[in-house]
Amino acid sequence: MNEELERYIRNYSSPEDELLAQLERESYMRVVQPQMVSGHVQGLFLTMLTRMIRPRRVLEIGTFTGYATLCFAEGLPEDGVIDTVEIEDELEGIQQEFFSRSPHAHKIRRHTGSALDVVPRLGECYDLVFIDGDKREYPDYYRMLLDGGLVRSGSYILADNILWYGKVVEQNIKPSDLQTLGIVEFNRMVRDDSRVENVIVPIRDGINLIRVK
């Protein structure tokens with residue numbers, strides 16, 4: 001998509017919340033790979049989906065600086081909770097700084113560590129899951145959720161970066177490119193799993209929208 005169309009989409013979508021705009025600016029100044037921030041349009045999409053699905057329990061795998069976390073929290077009802085898990089502990093400072101400034105801070109439970117270790121110990125079953133962690137581990141996350149009973153019939157899973165900058169359609173993916181291979185395997189698993197139905201939404205780098213039957 002060219003820059004003019006991206007600008008049009010932003011201009012004709014609801015305005016960005018000021019706290020989120022500040023968080024995006026701070027992310028670009030303070031952290032490595034700031035382009036990983038969900039951003040305005042995808043953030044609105046996540047908030048709107050949350051309001052449509054009306055979950056009580058949300059799981060986010062991969063917090064980064066917390067932009068998407070705040071979008072989910074905004075869409076949750078007052079009694080809703082989001083468990084968000086980030087493996088990089090150096091991001092705790094910026095996460096907590098902005099979470100504490102949000103009127104939805106009471107809905108957020110922040111965890112540090114590998115999602116594959118942390119999530120099973122939480123003892124929750126989730127209505128909505130957002131996968132945005134280590135791309136190499138996407139198949140492992142999927143098995144953890146579906147085989148581990150962490151989602152149920154009617155639960156939704158959103159997997160981000162599912163097109164991986166177009167690399168998923170390359171004919172000869174290098175064996176050393178474990179991130180691309182992880183996403184390719186994840187997409188194949190979802191497509192072939194009779195327990196779910198899905199559609200890939202080409203917003204930004206692609207979101208695989210999955211519903212557990």
# chains A, B, ... in the order shown; residues from 1 in each chain; ligands from 1

call {"tool": "select_by_dssp", "arguments": {"residues": "region 1-197 of chain A", "states": "alpha helix (DSSP H)", "output": "NGL selection string"}}
result
:A and (3-11 or 18-30 or 40-53 or 67-75 or 92-99 or 115-122 or 138-147 or 178-192)

call {"tool": "residues_around", "arguments": {"residues": "Lys107 (chain A)", "least_positions_apart": "4", "cutoff": "12 Å", "atoms": "only C-alpha atoms", "output": "ChimeraX atom specification"}}
result
/A:56-59,69-84,99-100,102-103

call {"tool": "residues_around", "arguments": {"residues": "Val196 (chain A)", "least_positions_apart": "2", "cutoff": "12 Å", "atoms": "only C-alpha atoms", "output": "tab-separated table (two decimals) with C-alpha atoms, in the first residue's frame"}}
result
chain	number	residue	atom	x	y	z
A	142	TYR	CA	-0.94	-22.63	18.81
A	146	LEU	CA	-5.61	-25.59	21.39
A	151	VAL	CA	-9.31	-21.59	24.54
A	152	ARG	CA	-12.79	-23.02	24.05
A	153	SER	CA	-15.57	-23.11	21.47
A	154	GLY	CA	-16.30	-19.52	20.46
A	155	SER	CA	-12.87	-18.21	21.45
A	156	TYR	CA	-10.94	-16.09	18.96
A	157	ILE	CA	-7.22	-16.07	18.20
A	189	MET	CA	-1.53	-25.76	10.92
A	190	VAL	CA	-4.46	-23.37	11.15
A	191	ARG	CA	-5.68	-24.09	7.63
A	192	ASP	CA	-5.57	-27.85	8.19
A	193	ASP	CA	-7.11	-27.85	11.68
A	194	SER	CA	-10.79	-28.90	11.59
A	198	ASN	CA	-10.07	-18.60	9.85
A	199	VAL	CA	-9.48	-15.74	7.48
A	208	ASN	CA	-4.83	-14.41	10.91
A	209	LEU	CA	-8.28	-14.18	12.47
A	210	ILE	CA	-9.17	-17.58	13.90
A	211	ARG	CA	-12.37	-18.79	15.56
A	212	VAL	CA	-12.50	-21.99	17.58
A	213	LYS	CA	-15.55	-23.99	16.49

call {"tool": "residues_around", "arguments": {"residues": "Phe186 (chain A)", "least_positions_apart": "4", "cutoff": "7 Å", "atoms": "only C-alpha atoms", "output": "PDB file with all heavy atoms, in the first residue's frame"}}
result
ATOM      1  N   TYR A 138       5.415 -19.525  16.948  1.00  0.00           N
ATOM      2  CA  TYR A 138       3.979 -19.485  16.652  1.00  0.00           C
ATOM      3  C   TYR A 138       3.335 -20.872  16.670  1.00  0.00           C
ATOM      4  O   TYR A 138       2.263 -21.045  17.252  1.00  0.00           O
ATOM      5  CB  TYR A 138       3.733 -18.793  15.305  1.00  0.00           C
ATOM      6  CG  TYR A 138       3.556 -17.288  15.390  1.00  0.00           C
ATOM      7  CD1 TYR A 138       4.286 -16.526  16.292  1.00  0.00           C
ATOM      8  CD2 TYR A 138       2.665 -16.626  14.561  1.00  0.00           C
ATOM      9  CE1 TYR A 138       4.128 -15.146  16.361  1.00  0.00           C
ATOM     10  CE2 TYR A 138       2.496 -15.252  14.621  1.00  0.00           C
ATOM     11  CZ  TYR A 138       3.228 -14.518  15.522  1.00  0.00           C
ATOM     12  OH  TYR A 138       3.058 -13.153  15.592  1.00  0.00           O
ATOM     13  N   PRO A 139       3.943 -21.901  16.038  1.00  0.00           N
ATOM     14  CA  PRO A 139       3.327 -23.232  16.116  1.00  0.00           C
ATOM     15  C   PRO A 139       3.219 -23.751  17.551  1.00  0.00           C
ATOM     16  O   PRO A 139       2.224 -24.397  17.909  1.00  0.00           O
ATOM     17  CB  PRO A 139       4.265 -24.103  15.276  1.00  0.00           C
ATOM     18  CG  PRO A 139       4.900 -23.149  14.317  1.00  0.00           C
ATOM     19  CD  PRO A 139       5.104 -21.902  15.120  1.00  0.00           C
ATOM     20  N   GLY A 182       8.529 -20.508  10.793  1.00  0.00           N
ATOM     21  CA  GLY A 182       7.572 -20.639  11.882  1.00  0.00           C
ATOM     22  C   GLY A 182       6.195 -20.133  11.506  1.00  0.00           C
ATOM     23  O   GLY A 182       5.175 -20.759  11.802  1.00  0.00           O
ATOM     24  N   VAL A 190      -3.128 -23.947  10.995  1.00  0.00           N
ATOM     25  CA  VAL A 190      -4.463 -23.366  11.154  1.00  0.00           C
ATOM     26  C   VAL A 190      -5.378 -23.807  10.013  1.00  0.00           C
ATOM     27  O   VAL A 190      -6.519 -24.226  10.228  1.00  0.00           O
ATOM     28  CB  VAL A 190      -4.373 -21.827  11.226  1.00  0.00           C
ATOM     29  CG1 VAL A 190      -5.764 -21.204  11.190  1.00  0.00           C
ATOM     30  CG2 VAL A 190      -3.620 -21.394  12.479  1.00  0.00           C
TER      31      VAL A 190
END

call {"tool": "atom_distance", "arguments": {"atom1": "CA of Asn161 (chain A)", "atom2": "CA of Gly206 (chain A)"}}
result
5.2 Å

call {"tool": "atom_distance", "arguments": {"atom1": "CA of Leu116 (chain A)", "atom2": "CA of His40 (chain A)"}}
result
28.8 Å

call {"tool": "residues_around", "arguments": {"residues": "Arg10 (chain A)", "least_positions_apart": "4", "cutoff": "12 Å", "atoms": "only C-alpha atoms", "output": "PyMOL selection string"}}
result
chain A and resi 3-6+14-16+39-45

call {"tool": "residues_around", "arguments": {"residues": "Met144 (chain A)", "least_positions_apart": "4", "cutoff": "8 Å", "atoms": "only C-alpha atoms", "output": "ChimeraX atom specification"}}
result
/A:116,120,140,148-150

call {"tool": "select_by_dssp", "arguments": {"residues": "region 53-194 of chain A", "states": "strand (DSSP E)", "output": "ChimeraX atom specification"}}
result
/A:57-61,81-86,108-112,126-131,151-160

call {"tool": "atom_distance", "arguments": {"atom1": "CA of Asp160 (chain A)", "atom2": "CA of His106 (chain A)"}}
result
25.1 Å

call {"tool": "closest_residue", "arguments": {"among": "A:Gly62, A:Pro55, A:Gly166, A:Gly93", "to": "Gly113 (chain A)", "atoms": "only C-alpha atoms"}}
result
A:Gly62
